[in-house]
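S.K.: Just so it is clear, I am handing over upload-v6.tsv, which has TSV, C-alpha atoms.
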chain	number	residue	atom	x	y	z
R	29	MET	CA	-46.76	-186.86	100.71
R	30	ASN	CA	-49.62	-189.09	101.80
R	31	ILE	CA	-49.57	-192.52	100.15
R	32	TYR	CA	-52.43	-195.02	99.90
R	33	VAL	CA	-51.48	-198.69	100.26
R	34	GLY	CA	-54.18	-201.20	99.34
R	35	ASN	CA	-54.65	-204.96	99.13
R	36	LEU	CA	-52.70	-205.54	102.34
R	37	ASN	CA	-52.61	-208.89	104.10
R	38	TYR	CA	-54.83	-208.59	107.20
R	39	ASP	CA	-51.84	-209.44	109.42
R	40	VAL	CA	-49.72	-206.48	108.25
R	41	THR	CA	-49.04	-204.06	111.13
R	42	ASP	CA	-48.23	-200.34	111.24
R	43	THR	CA	-44.62	-201.25	112.03
R	44	MET	CA	-44.31	-203.60	109.04
R	45	LEU	CA	-45.73	-200.93	106.74
R	46	LYS	CA	-43.30	-198.33	108.11
R	47	GLU	CA	-40.32	-200.69	107.72
R	48	THR	CA	-41.29	-201.50	104.12
R	49	PHE	CA	-41.46	-197.83	103.10
R	50	SER	CA	-38.46	-196.71	105.18
R	51	ASN	CA	-36.20	-198.53	102.70
R	52	PHE	CA	-36.87	-195.53	100.42
R	53	GLY	CA	-36.51	-192.69	102.93
R	54	GLU	CA	-37.99	-191.09	106.02
R	55	VAL	CA	-41.47	-192.22	107.03
R	56	SER	CA	-43.22	-189.84	109.42
R	57	GLU	CA	-46.29	-192.03	109.88
R	58	ALA	CA	-47.67	-195.42	108.82
R	59	ASN	CA	-51.17	-196.60	109.69
R	60	VAL	CA	-53.09	-199.74	108.79
R	61	ILE	CA	-56.80	-198.92	108.93
R	62	SER	CA	-58.85	-201.12	111.25
R	63	ASP	CA	-62.56	-201.68	111.64
R	64	ARG	CA	-63.78	-199.65	114.64
R	65	VAL	CA	-66.04	-202.40	115.90
R	66	THR	CA	-63.99	-205.57	115.36
R	67	GLY	CA	-60.48	-204.07	115.41
R	68	ARG	CA	-59.63	-206.20	112.35
R	69	SER	CA	-57.57	-204.69	109.55
R	70	LYS	CA	-59.57	-203.43	106.58
R	71	GLY	CA	-56.70	-204.41	104.24
R	72	PHE	CA	-55.45	-200.93	103.46
R	73	GLY	CA	-53.46	-198.16	105.05
R	74	PHE	CA	-51.67	-194.86	104.62
R	75	VAL	CA	-48.02	-193.86	104.78
R	76	GLU	CA	-46.80	-190.29	105.18
R	77	MET	CA	-43.39	-189.44	103.72
R	78	PRO	CA	-42.16	-185.83	104.01
R	79	ASP	CA	-39.83	-185.96	100.99
R	80	ARG	CA	-41.83	-186.04	97.73
R	81	ASP	CA	-38.98	-187.58	95.68
R	82	GLU	CA	-38.52	-190.43	98.18
R	83	ALA	CA	-42.29	-190.96	98.22
R	84	GLN	CA	-42.39	-191.16	94.41
R	85	GLN	CA	-39.55	-193.73	94.43
R	86	ALA	CA	-41.37	-195.81	97.05
R	87	MET	CA	-44.65	-195.72	95.10
R	88	THR	CA	-42.94	-196.72	91.85
R	89	ALA	CA	-40.97	-199.54	93.47
R	90	LEU	CA	-43.70	-200.93	95.74
R	91	ASN	CA	-46.80	-200.70	93.53
R	92	GLY	CA	-47.43	-204.26	92.36
R	93	SER	CA	-44.86	-205.73	94.76
R	94	GLU	CA	-45.67	-208.42	97.28
R	95	LEU	CA	-45.91	-208.12	101.06
R	96	MET	CA	-46.90	-211.21	103.07
R	97	GLY	CA	-48.31	-212.95	99.99
R	98	ARG	CA	-50.49	-210.07	98.72
R	99	THR	CA	-49.74	-207.75	95.79
R	100	MET	CA	-49.87	-204.19	97.08
R	101	LYS	CA	-51.61	-201.36	95.28
R	102	VAL	CA	-49.67	-198.16	96.02
R	103	ASN	CA	-50.49	-194.64	94.84
R	104	GLU	CA	-50.85	-191.07	96.03
R	105	ALA	CA	-53.72	-190.76	98.49
R	106	LYS	CA	-56.62	-188.59	97.40
R	107	PRO	CA	-58.02	-185.99	99.81
R	108	ARG	CA	-60.92	-187.43	101.79
R	109	ASN	CA	-63.58	-185.19	100.15
R	110	ASP	CA	-62.48	-186.30	96.64
R	111	ARG	CA	-63.15	-189.97	97.38
R	112	TRP	CA	-66.95	-189.80	97.15
Could you show the structure in this file as structure tokens?
M.R.:
Amino acid sequence: MNIYVGNLNYDVTDTMLKETFSNFGEVSEANVISDRVTGRSKGFGFVEMPDRDEAQQAMTALNGSELMGRTMKVNEAKPRNDRW
């Protein structure tokens, strides 16, 4: 399951995101999205968890929780073409 993670502190790294979600199960990928020009974090990212139940537990537990002083917004990612 692909999970959207928003309102991230700009200093959060891929590794930190992966470690946070791995408390709930296997994380196959964790990416903080960066601006292509500046390389600075855009304040959101995506986490891929293969087990849907573990992903649901992570979303429930982490939505509204704090990471590095910011309250995360966590939910199931929408397919790219549904975002517009």
S.K.: Just to confirm, what's the straight-line distance from CA of Val102 in chain R to CA of Val65 in chain R in Å (one decimal)?
M.R.: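 Here the two named atoms are 26.1 Å from each other.
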S.K.: Under the rule that all atoms listed in the file are counted, which of R:Glu104, R:Glu94, R:Asp63, R:Glu54 is the nearest residue to Glu82 in chain R?
M.R.: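 Closest to Glu82 in chain R, using all atoms listed in the file: R:Glu54.
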S.K.: Env of Gly97 in chain R: 10 Å cut, atoms = only C-alpha atoms, seq-sep filter 3 positions within chain, self excluded. Answer as a count of residues only.
M.R.: 5
S.K.: So, counting all atoms listed in the file, which residue among R:Gln85, R:Asn103, R:Ser69, R:Asn109 is closest to Ser50 in chain R?
M.R.: R:Gln85
S.K.: Could you give me, as a PyMOL selection string, the residues within 12 Å of Val40 in chain R, counting all atoms listed in the file and dropping anything in the same chain fewer than 2 positions from it?
M.R.: chain R and resi 33-38+42-48+58-62+68-73+94-98+100
S.K.: If I take CA of Asn51 in chain R and CA of Val75 in chain R, how far is one from the other in Å, to one decimal?
M.R.: 12.9 Å
S.K.: Between R:Thr66, R:Thr41, R:Thr99, R:Ser56, which has the minimum distance to Pro78 in chain R (counting only C-alpha atoms)?
M.R.: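 Closest residue, counting only C-alpha atoms: R:Ser56.
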